[in-house]
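Colleague: What follows is entry05.pdb, made up of PDB, C-alpha atoms and all ligand atoms:
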```pdb
ATOM      1  CA  MET G  20      65.515 107.301  70.255
ATOM      2  CA  THR G  21      67.344 110.334  71.573
ATOM      3  CA  PHE G  22      71.030 111.277  71.474
ATOM      4  CA  ASP G  23      71.319 110.339  75.178
ATOM      5  CA  LEU G  24      71.851 106.652  74.476
ATOM      6  CA  LEU G  25      74.885 106.996  72.229
ATOM      7  CA  GLY G  26      77.483 107.340  74.984
ATOM      8  CA  LEU G  27      78.234 111.018  74.410
ATOM      9  CA  ASP G  28      79.643 113.325  77.070
ATOM     10  CA  PRO G  29      76.943 115.386  78.849
ATOM     11  CA  ARG G  30      78.576 118.591  77.628
ATOM     12  CA  ILE G  31      78.060 117.430  74.051
ATOM     13  CA  LEU G  32      74.473 116.451  74.775
ATOM     14  CA  ARG G  33      73.837 119.943  76.094
ATOM     15  CA  LYS G  34      75.220 121.443  72.877
ATOM     16  CA  ILE G  35      73.055 119.139  70.790
ATOM     17  CA  LYS G  36      69.970 120.215  72.703
ATOM     18  CA  HIS G  37      70.943 123.839  72.519
ATOM     19  CA  LEU G  38      71.278 123.556  68.731
ATOM     20  CA  ASN G  39      67.842 121.928  68.537
ATOM     21  CA  PHE G  40      68.752 118.493  67.252
ATOM     22  CA  ASN G  41      66.270 116.059  68.781
ATOM     23  CA  GLU G  42      66.903 112.636  67.377
ATOM     24  CA  PRO G  43      69.949 111.073  65.741
ATOM     25  CA  THR G  44      69.611 109.987  62.137
ATOM     26  CA  GLU G  45      70.146 106.345  61.184
ATOM     27  CA  ILE G  46      73.778 106.840  60.202
ATOM     28  CA  GLN G  47      74.445 108.791  63.409
ATOM     29  CA  LYS G  48      72.861 106.073  65.571
ATOM     30  CA  ASN G  49      74.994 103.432  63.955
ATOM     31  CA  THR G  50      78.265 105.299  63.656
ATOM     32  CA  ILE G  51      78.623 107.328  66.837
ATOM     33  CA  PRO G  52      78.882 104.531  69.452
ATOM     34  CA  LEU G  53      81.420 102.641  67.328
ATOM     35  CA  ALA G  54      83.439 105.765  66.605
ATOM     36  CA  ILE G  55      83.485 106.643  70.300
ATOM     37  CA  SER G  56      84.803 103.190  71.095
ATOM     38  CA  GLY G  57      87.801 103.973  68.907
ATOM     39  CA  LYS G  58      87.034 101.732  65.931
ATOM     40  CA  ASP G  59      87.912 102.598  62.367
ATOM     41  CA  ILE G  60      84.762 103.089  60.330
ATOM     42  CA  LEU G  61      83.703 102.727  56.730
ATOM     43  CA  ALA G  62      80.336 104.441  56.447
ATOM     44  CA  SER G  63      78.109 104.979  53.490
ATOM     45  CA  SER G  64      74.692 106.598  53.371
ATOM     46  CA  LYS G  65      72.952 108.870  50.953
ATOM     47  CA  THR G  66      73.418 112.620  50.752
ATOM     48  CA  GLY G  67      71.436 114.496  53.376
ATOM     49  CA  SER G  68      71.415 111.642  55.883
ATOM     50  CA  GLY G  69      73.480 113.480  58.497
ATOM     51  CA  LYS G  70      77.014 112.205  58.002
ATOM     52  CA  THR G  71      78.638 115.441  59.176
ATOM     53  CA  LEU G  72      77.436 115.122  62.757
ATOM     54  CA  ALA G  73      78.256 111.414  62.617
ATOM     55  CA  PHE G  74      81.913 112.433  62.691
ATOM     56  CA  ILE G  75      81.768 115.830  64.419
ATOM     57  CA  LEU G  76      80.260 114.378  67.597
ATOM     58  CA  PRO G  77      82.928 111.657  67.979
ATOM     59  CA  ILE G  78      85.597 114.317  67.377
ATOM     60  CA  LEU G  79      84.169 116.370  70.223
ATOM     61  CA  GLN G  80      84.000 113.333  72.435
ATOM     62  CA  ARG G  81      87.688 112.733  71.865
ATOM     63  CA  MET G  82      88.512 116.372  72.570
ATOM     64  CA  TYR G  83      86.666 116.246  75.855
ATOM     65  CA  LYS G  84      88.170 112.925  76.898
ATOM     66  CA  SER G  85      91.794 113.575  76.044
ATOM     67  CA  LYS G  86      94.193 115.486  78.231
ATOM     68  CA  PRO G  87      94.882 119.016  77.136
ATOM     69  CA  PHE G  88      98.420 119.467  75.941
ATOM     70  CA  LYS G  89     100.248 122.128  74.056
ATOM     71  CA  LYS G  90     101.779 120.765  70.940
ATOM     72  CA  ARG G  91     102.061 121.975  67.409
ATOM     73  CA  ASP G  92     100.675 118.788  65.899
ATOM     74  CA  ALA G  93      97.089 118.655  64.753
ATOM     75  CA  ARG G  94      95.054 116.075  66.645
ATOM     76  CA  VAL G  95      92.193 115.740  64.158
ATOM     77  CA  LEU G  96      92.296 116.221  60.385
ATOM     78  CA  ILE G  97      89.184 116.368  58.226
ATOM     79  CA  VAL G  98      89.744 116.034  54.489
ATOM     80  CA  ALA G  99      86.973 117.281  52.210
ATOM     81  CA  PRO G 100      86.853 117.203  48.402
ATOM     82  CA  THR G 101      85.837 120.807  47.762
ATOM     83  CA  ARG G 102      86.191 124.205  49.352
ATOM     84  CA  GLU G 103      82.433 124.541  49.623
ATOM     85  CA  LEU G 104      82.101 121.305  51.529
ATOM     86  CA  ALA G 105      85.064 122.096  53.779
ATOM     87  CA  ARG G 106      83.432 125.422  54.617
ATOM     88  CA  GLN G 107      80.157 123.736  55.499
ATOM     89  CA  ILE G 108      81.876 121.269  57.803
ATOM     90  CA  PHE G 109      83.831 124.088  59.423
ATOM     91  CA  ALA G 110      80.627 126.049  60.020
ATOM     92  CA  GLN G 111      78.948 123.042  61.683
ATOM     93  CA  LEU G 112      82.005 122.306  63.771
ATOM     94  CA  ARG G 113      82.228 125.915  64.917
ATOM     95  CA  LEU G 114      78.715 125.738  66.344
ATOM     96  CA  PHE G 115      79.862 122.865  68.514
ATOM     97  CA  ILE G 116      83.275 124.139  69.619
ATOM     98  CA  SER G 117      82.221 127.687  70.422
ATOM     99  CA  GLY G 118      82.672 128.208  74.142
ATOM    100  CA  THR G 119      85.167 125.344  74.436
ATOM    101  CA  PRO G 120      88.963 125.682  74.635
ATOM    102  CA  TYR G 121      89.328 123.877  71.312
ATOM    103  CA  ASP G 122      90.279 125.581  68.114
ATOM    104  CA  ALA G 123      89.921 124.671  64.462
ATOM    105  CA  ALA G 124      91.600 125.929  61.292
ATOM    106  CA  LEU G 125      90.288 125.885  57.752
ATOM    107  CA  ILE G 126      92.857 125.500  54.987
ATOM    108  CA  LEU G 127      91.480 125.767  51.469
ATOM    109  CA  GLY G 128      93.130 125.717  48.078
ATOM    110  CA  GLY G 129      92.953 129.000  46.188
ATOM    111  CA  GLU G 130      93.169 131.104  49.329
ATOM    112  CA  ASN G 131      96.137 132.931  50.826
ATOM    113  CA  PHE G 132      98.742 130.399  51.863
ATOM    114  CA  ASN G 133     100.659 132.688  54.222
ATOM    115  CA  ASP G 134      97.562 133.559  56.217
ATOM    116  CA  GLN G 135      96.869 129.871  56.650
ATOM    117  CA  GLU G 136     100.447 129.238  57.642
ATOM    118  CA  LYS G 137     100.228 131.914  60.324
ATOM    119  CA  GLN G 138      96.996 130.460  61.580
ATOM    120  CA  LEU G 139      98.486 126.991  61.816
ATOM    121  CA  ARG G 140     101.641 128.204  63.556
ATOM    122  CA  ASN G 141     100.078 130.678  65.961
ATOM    123  CA  LYS G 142      96.836 129.030  66.951
ATOM    124  CA  ASP G 143      98.036 125.418  67.171
ATOM    125  CA  PRO G 144      94.568 124.282  66.196
ATOM    126  CA  MET G 145      93.601 120.849  67.451
ATOM    127  CA  ILE G 146      91.318 120.313  64.497
ATOM    128  CA  VAL G 147      92.247 121.077  60.899
ATOM    129  CA  ILE G 148      89.807 120.974  57.990
ATOM    130  CA  GLY G 149      90.950 121.303  54.421
ATOM    131  CA  THR G 150      91.008 120.308  50.798
ATOM    132  CA  PRO G 151      93.505 117.602  49.814
ATOM    133  CA  GLY G 152      95.923 119.618  47.673
ATOM    134  CA  ARG G 153      96.300 122.418  50.186
ATOM    135  CA  ILE G 154      96.744 120.017  53.090
ATOM    136  CA  VAL G 155      99.616 118.383  51.217
ATOM    137  CA  ASP G 156     101.105 121.817  50.457
ATOM    138  CA  HIS G 157     101.163 122.651  54.164
ATOM    139  CA  ILE G 158     102.698 119.302  55.039
ATOM    140  CA  ASN G 159     105.442 119.857  52.460
ATOM    141  CA  HIS G 160     105.959 123.404  53.672
ATOM    142  CA  ARG G 161     106.241 122.128  57.247
ATOM    143  CA  SER G 162     103.421 124.295  58.485
ATOM    144  CA  LEU G 163     101.230 121.261  59.215
ATOM    145  CA  PHE G 164     102.507 118.305  61.236
ATOM    146  CA  LEU G 165     100.619 115.067  61.488
ATOM    147  CA  ASP G 166     102.960 113.143  63.778
ATOM    148  CA  GLY G 167     100.500 113.413  66.645
ATOM    149  CA  LEU G 168      97.333 112.945  64.643
ATOM    150  CA  GLU G 169      94.730 110.935  66.548
ATOM    151  CA  MET G 170      91.855 111.038  64.100
ATOM    152  CA  LEU G 171      91.722 111.218  60.327
ATOM    153  CA  ILE G 172      88.353 111.790  58.683
ATOM    154  CA  LEU G 173      87.695 111.529  54.966
ATOM    155  CA  ASP G 174      84.381 113.056  54.018
ATOM    156  CA  GLU G 175      82.782 112.375  50.641
ATOM    157  CA  ALA G 176      85.511 109.946  49.709
ATOM    158  CA  ASP G 177      83.726 109.196  46.434
ATOM    159  CA  ARG G 178      84.064 112.809  45.363
ATOM    160  CA  ILE G 179      87.644 112.974  46.610
ATOM    161  CA  MET G 180      88.400 110.118  44.217
ATOM    162  CA  ASP G 181      86.329 111.603  41.363
ATOM    163  CA  LEU G 182      88.300 114.820  41.631
ATOM    164  CA  GLY G 183      91.582 112.941  41.324
ATOM    165  CA  PHE G 184      92.937 113.346  44.861
ATOM    166  CA  LYS G 185      93.948 109.745  45.459
ATOM    167  CA  LYS G 186      97.670 110.570  45.608
ATOM    168  CA  GLU G 187      97.086 113.383  48.081
ATOM    169  CA  VAL G 188      95.053 111.136  50.356
ATOM    170  CA  GLU G 189      97.716 108.468  50.228
ATOM    171  CA  MET G 190     100.355 111.022  51.119
ATOM    172  CA  ILE G 191      98.291 112.283  54.057
ATOM    173  CA  ASN G 192      97.738 108.706  55.164
ATOM    174  CA  HIS G 193     101.454 108.068  55.024
ATOM    175  CA  GLU G 194     102.317 111.236  56.972
ATOM    176  CA  ALA G 195      99.899 110.333  59.729
ATOM    177  CA  ASP G 196     100.791 106.708  59.927
ATOM    178  CA  HIS G 197     100.598 105.538  63.518
ATOM    179  CA  ARG G 198      99.003 102.634  65.257
ATOM    180  CA  LYS G 199      97.067 104.906  67.550
ATOM    181  CA  ARG G 200      95.315 106.741  64.771
ATOM    182  CA  GLN G 201      91.595 106.274  64.264
ATOM    183  CA  THR G 202      90.224 106.735  60.765
ATOM    184  CA  LEU G 203      86.647 107.462  59.738
ATOM    185  CA  PHE G 204      85.804 107.099  56.076
ATOM    186  CA  PHE G 205      82.532 108.530  54.742
ATOM    187  CA  SER G 206      81.076 108.234  51.282
ATOM    188  CA  ALA G 207      77.670 108.625  49.645
ATOM    189  CA  THR G 208      78.367 105.471  47.668
ATOM    190  CA  LEU G 209      80.878 102.643  47.579
ATOM    191  CA  ASP G 210      79.988 101.559  44.039
ATOM    192  CA  ASP G 211      83.357 102.384  42.538
ATOM    193  CA  PRO G 212      85.856  99.604  43.337
ATOM    194  CA  GLU G 213      88.582 102.271  43.559
ATOM    195  CA  ILE G 214      86.924 103.660  46.667
ATOM    196  CA  LYS G 215      87.021 100.283  48.352
ATOM    197  CA  ILE G 216      90.685  99.956  47.461
ATOM    198  CA  LEU G 217      91.410 103.351  48.988
ATOM    199  CA  ALA G 218      89.411 102.411  52.078
ATOM    200  CA  SER G 219      91.377  99.200  52.486
ATOM    201  CA  GLU G 220      94.621 101.179  52.256
ATOM    202  CA  ILE G 221      93.807 103.654  54.964
ATOM    203  CA  LEU G 222      91.477 101.818  57.357
ATOM    204  CA  ASN G 223      92.491  99.327  59.997
ATOM    205  CA  SER G 224      89.944  96.496  60.530
ATOM    206  CA  PRO G 225      87.032  98.876  60.010
ATOM    207  CA  LYS G 226      83.455  98.403  61.088
ATOM    208  CA  GLU G 227      81.271  98.815  58.031
ATOM    209  CA  ILE G 228      78.041 100.777  58.190
ATOM    210  CA  ILE G 229      76.435 100.670  54.791
ATOM    211  CA  LEU G 230      73.024 102.324  54.577
ATOM    212  CA  GLU G 231      73.235 103.682  51.073
ATOM    213  CA  LYS G 232      70.248 101.875  49.607
ATOM    214  CA  SER G 233      68.018 101.384  52.614
ATOM    215  CA  GLU G 234      67.493 104.852  54.039
TER     216      GLU G 234
HETATM  217  P1  LIG X 301      75.241 114.284  54.537
HETATM  218  O1  LIG X 301      76.655 114.656  54.870
HETATM  219  O2  LIG X 301      74.920 112.873  54.853
HETATM  220  O3  LIG X 301      74.880 114.646  53.130
HETATM  221  P2  LIG X 301      74.607 116.434  56.352
HETATM  222  O4  LIG X 301      75.481 116.078  57.471
HETATM  223  O5  LIG X 301      75.077 117.524  55.451
HETATM  224  O6  LIG X 301      74.272 115.144  55.448
HETATM  225  O7  LIG X 301      73.174 116.773  56.949
HETATM  226  C1  LIG X 301      72.079 117.159  56.139
HETATM  227  C2  LIG X 301      71.164 118.098  56.932
HETATM  228  O8  LIG X 301      70.546 117.395  57.997
HETATM  229  C3  LIG X 301      71.887 119.273  57.561
HETATM  230  O9  LIG X 301      71.123 120.430  57.380
HETATM  231  C4  LIG X 301      71.963 118.900  59.019
HETATM  232  O10 LIG X 301      71.997 120.038  59.858
HETATM  233  C5  LIG X 301      70.716 118.111  59.208
HETATM  234  N1  LIG X 301      70.825 117.130  60.314
HETATM  235  C6  LIG X 301      71.880 116.346  60.593
HETATM  236  N2  LIG X 301      71.642 115.552  61.658
HETATM  237  C7  LIG X 301      70.399 115.839  62.059
HETATM  238  C8  LIG X 301      69.569 115.354  63.120
HETATM  239  N3  LIG X 301      69.987 114.411  63.948
HETATM  240  N4  LIG X 301      68.334 115.890  63.262
HETATM  241  C9  LIG X 301      67.893 116.838  62.409
HETATM  242  N5  LIG X 301      68.630 117.345  61.377
HETATM  243  C10 LIG X 301      69.864 116.854  61.201
HETATM  244 MG    MG X 302      78.265 115.167  53.829
END
```
Can you give me the file's structure in the form of structure tokens?
Ligand code: ADP
Ligand code: MG
Modeller:
Amino acid sequence: MTFDLLGLDPRILRKIKHLNFNEPTEIQKNTIPLAISGKDILASSKTGSGKTLAFILPILQRMYKSKPFKKRDARVLIVAPTRELARQIFAQLRLFISGTPYDAALILGGENFNDQEKQLRNKDPMIVIGTPGRIVDHINHRSLFLDGLEMLILDEADRIMDLGFKKEVEMINHEADHRKRQTLFFSATLDDPEIKILASEILNSPKEIILEKSE
């Protein structure tokens, strides 16, 4: 099976080809069509199974399909447990948004807050990627607004919980609380009941794609 059958915009398919990805992984095959249709998703598959593209491609699809508008609110927020992981996601995303009008900002804990604030205020990035504590700091500082958020993505939710960021995620969820919002929830495992509780708090009638043991 190729990427062509997943319902992606031809411009995205060209990028995929250009970046030499030939075939979607199992989690990508299962997640992408549902995500594109606007459903909330609870997805679990082992590390290395390609979860990053399973949310980056639906983000791009939404960017391409939605009308451009100038507004300070972020449209897409990706929450990652660690700086390292946030950087990796940012790097992957950049490959896909280079040459498009869309911009992304990376906001990490432990790095200069004022620089990030300037970036958020001046660039009006459509997509924001960050670590939970720093995202909350920017919300409190009123340099990040989630009133217009269309997509919330939690990556490695199990690690987010392990690192003690439940409160931060709940605060982000509360700040971006609208009917229209789509939420994608990714985890390597759903073994911890706390993760399921968190998922039930932030997802709205999600489709479950659980491949953790079978891949
Ligand atoms: P996970 O988040 O599930 O741990 P990643 O998204 O980090 O996995 O992907 C693991 C590796 O697989 C990365 O190097 C990524 O570039 C690669 N990869 C992802 N999707 C594909 C694909 N469809 N074909 C080939 N390689 C892929
Ligand atoms: Mg991952």
Colleague: Using all atoms listed in the file, determine which residues fall within 7 Å of ligand MG 302 (chain X), then list them as a PyMOL selection string.
Modeller: chain G and resi 66-67+69-71+174-175
Colleague: Please return as a list in words every residue within 10 Å of (96.5, 123.6, 66.1), taking into account only C-alpha atoms and the file's own coordinates.
Modeller: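 In the file's frame, the residues around the point are Lys89, Lys90, Arg91, Asp92, Ala93, Arg94, Val95, Tyr121, Asp122, Ala123, Ala124, Gln138, Leu139, Arg140, Asn141, Lys142, Asp143, Pro144, Met145, Ile146, Val147, Leu163 and Phe164 of chain G.
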Colleague: Given the file shown, enumerate the residues that the PyMOL selection byres (((chain G and resi 149) around 7) and not hetatm) captures and present them as a list of chain:residue names.
Modeller: G:Ile97, G:Val98, G:Ala99, G:Ala105, G:Leu125, G:Ile126, G:Leu127, G:Val147, G:Ile148, G:Thr150, G:Pro151, G:Arg153, G:Ile154
Colleague: Would you mind reading off the distance between atom CA of G:Leu168 and atom CA of G:Ala73, one decimal, in Å?
Modeller: 19.2 Å
Colleague: Can you build me a table of chain G residues sitting at most 10 Å from ligand LIG 301 (chain X), with the closest atom pair per residue and its distance in Å to one decimal, using all atoms listed in the file, sorted by chain and residue number, as JSON lines?
Modeller:
```
{"residue": "G:Thr21", "atom": "CA", "partner": "X:LIG301", "partner_atom": "N3", "distance": 9.0}
{"residue": "G:Phe22", "atom": "CA", "partner": "X:LIG301", "partner_atom": "N3", "distance": 8.2}
{"residue": "G:Ile35", "atom": "CA", "partner": "X:LIG301", "partner_atom": "N3", "distance": 8.9}
{"residue": "G:Leu38", "atom": "CA", "partner": "X:LIG301", "partner_atom": "O10", "distance": 9.6}
{"residue": "G:Asn39", "atom": "CA", "partner": "X:LIG301", "partner_atom": "C9", "distance": 8.0}
{"residue": "G:Phe40", "atom": "CA", "partner": "X:LIG301", "partner_atom": "N4", "distance": 4.8}
{"residue": "G:Asn41", "atom": "CA", "partner": "X:LIG301", "partner_atom": "N4", "distance": 5.9}
{"residue": "G:Glu42", "atom": "CA", "partner": "X:LIG301", "partner_atom": "N3", "distance": 4.9}
{"residue": "G:Pro43", "atom": "CA", "partner": "X:LIG301", "partner_atom": "N3", "distance": 3.8}
{"residue": "G:Thr44", "atom": "CA", "partner": "X:LIG301", "partner_atom": "N3", "distance": 4.8}
{"residue": "G:Glu45", "atom": "CA", "partner": "X:LIG301", "partner_atom": "N3", "distance": 8.5}
{"residue": "G:Ile46", "atom": "CA", "partner": "X:LIG301", "partner_atom": "O2", "distance": 8.1}
{"residue": "G:Gln47", "atom": "CA", "partner": "X:LIG301", "partner_atom": "N3", "distance": 7.2}
{"residue": "G:Lys48", "atom": "CA", "partner": "X:LIG301", "partner_atom": "N3", "distance": 9.0}
{"residue": "G:Ser63", "atom": "CA", "partner": "X:LIG301", "partner_atom": "O2", "distance": 8.6}
{"residue": "G:Ser64", "atom": "CA", "partner": "X:LIG301", "partner_atom": "O2", "distance": 6.5}
{"residue": "G:Lys65", "atom": "CA", "partner": "X:LIG301", "partner_atom": "O2", "distance": 5.9}
{"residue": "G:Thr66", "atom": "CA", "partner": "X:LIG301", "partner_atom": "O3", "distance": 3.4}
{"residue": "G:Gly67", "atom": "CA", "partner": "X:LIG301", "partner_atom": "O3", "distance": 3.5}
{"residue": "G:Ser68", "atom": "CA", "partner": "X:LIG301", "partner_atom": "O2", "distance": 3.9}
{"residue": "G:Gly69", "atom": "CA", "partner": "X:LIG301", "partner_atom": "O4", "distance": 3.4}
{"residue": "G:Lys70", "atom": "CA", "partner": "X:LIG301", "partner_atom": "O2", "distance": 3.8}
{"residue": "G:Thr71", "atom": "CA", "partner": "X:LIG301", "partner_atom": "O4", "distance": 3.6}
{"residue": "G:Leu72", "atom": "CA", "partner": "X:LIG301", "partner_atom": "O4", "distance": 5.7}
{"residue": "G:Ala73", "atom": "CA", "partner": "X:LIG301", "partner_atom": "O4", "distance": 7.5}
{"residue": "G:Phe74", "atom": "CA", "partner": "X:LIG301", "partner_atom": "O4", "distance": 9.1}
{"residue": "G:Ile75", "atom": "CA", "partner": "X:LIG301", "partner_atom": "O4", "distance": 9.4}
{"residue": "G:Leu104", "atom": "CA", "partner": "X:LIG301", "partner_atom": "O5", "distance": 8.9}
{"residue": "G:Gln107", "atom": "CA", "partner": "X:LIG301", "partner_atom": "O5", "distance": 8.0}
{"residue": "G:Ile108", "atom": "CA", "partner": "X:LIG301", "partner_atom": "O5", "distance": 8.1}
{"residue": "G:Gln111", "atom": "CA", "partner": "X:LIG301", "partner_atom": "O10", "distance": 7.8}
{"residue": "G:Asp174", "atom": "CA", "partner": "X:LIG301", "partner_atom": "O1", "distance": 7.9}
{"residue": "G:Glu175", "atom": "CA", "partner": "X:LIG301", "partner_atom": "O1", "distance": 7.8}
{"residue": "G:Phe205", "atom": "CA", "partner": "X:LIG301", "partner_atom": "O1", "distance": 8.5}
{"residue": "G:Ser206", "atom": "CA", "partner": "X:LIG301", "partner_atom": "O2", "distance": 8.5}
{"residue": "G:Ala207", "atom": "CA", "partner": "X:LIG301", "partner_atom": "O2", "distance": 7.3}
```
Colleague: Assuming the chain letters and numbering stay as they are in my file, what does the PyMOL selection byres (((chain G and resi 27) around 10) and not hetatm) actually select? List them as a ChimeraX atom specification.
Modeller: /G:22-26,28-32,51-52,55,76-77,79-81
Colleague: Would you please work out which residue, of G:Ala218, G:Ile78, G:Met20, G:Ile60, is nearest to G:Met170 when using all atoms listed in the file?
Modeller: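 Smallest separation from G:Met170 among the options: G:Ile78.
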Colleague: Name the closest residue to G:Phe184 among the candidates G:Pro225, G:Gly152, G:Phe132, G:Leu217; distances are taken between atoms, counting all atoms listed in the file.
Modeller: G:Gly152
Colleague: Can you translate the PyMOL selection byres (((chain G and resi 172) around 6) and not hetatm) into the concrete residues it hits in this file, as JSON, numbers by chain?
Modeller: {"G": [97, 171, 173, 202, 203, 204]}
Colleague: Could you state the separation of atom CA of G:Glu194 and atom CA of G:Asn223 in Å, given to one decimal place?
Modeller: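 These atoms are spaced 15.7 Å apart.
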Colleague: From the options G:Ala195, G:Ile216, G:Ala110, G:Ala54, which residue's atoms come nearest to G:Leu96, counting all atoms listed in the file?
Modeller: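 The answer is G:Ala195, which sits nearest to G:Leu96.
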Colleague: My list of candidates is G:Ile228, G:Leu222, G:Leu114, G:Leu209. Which is closest to G:Met180 when distances are computed with all atoms listed in the file?
Modeller: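 Closest to G:Met180, using all atoms listed in the file: G:Leu209.
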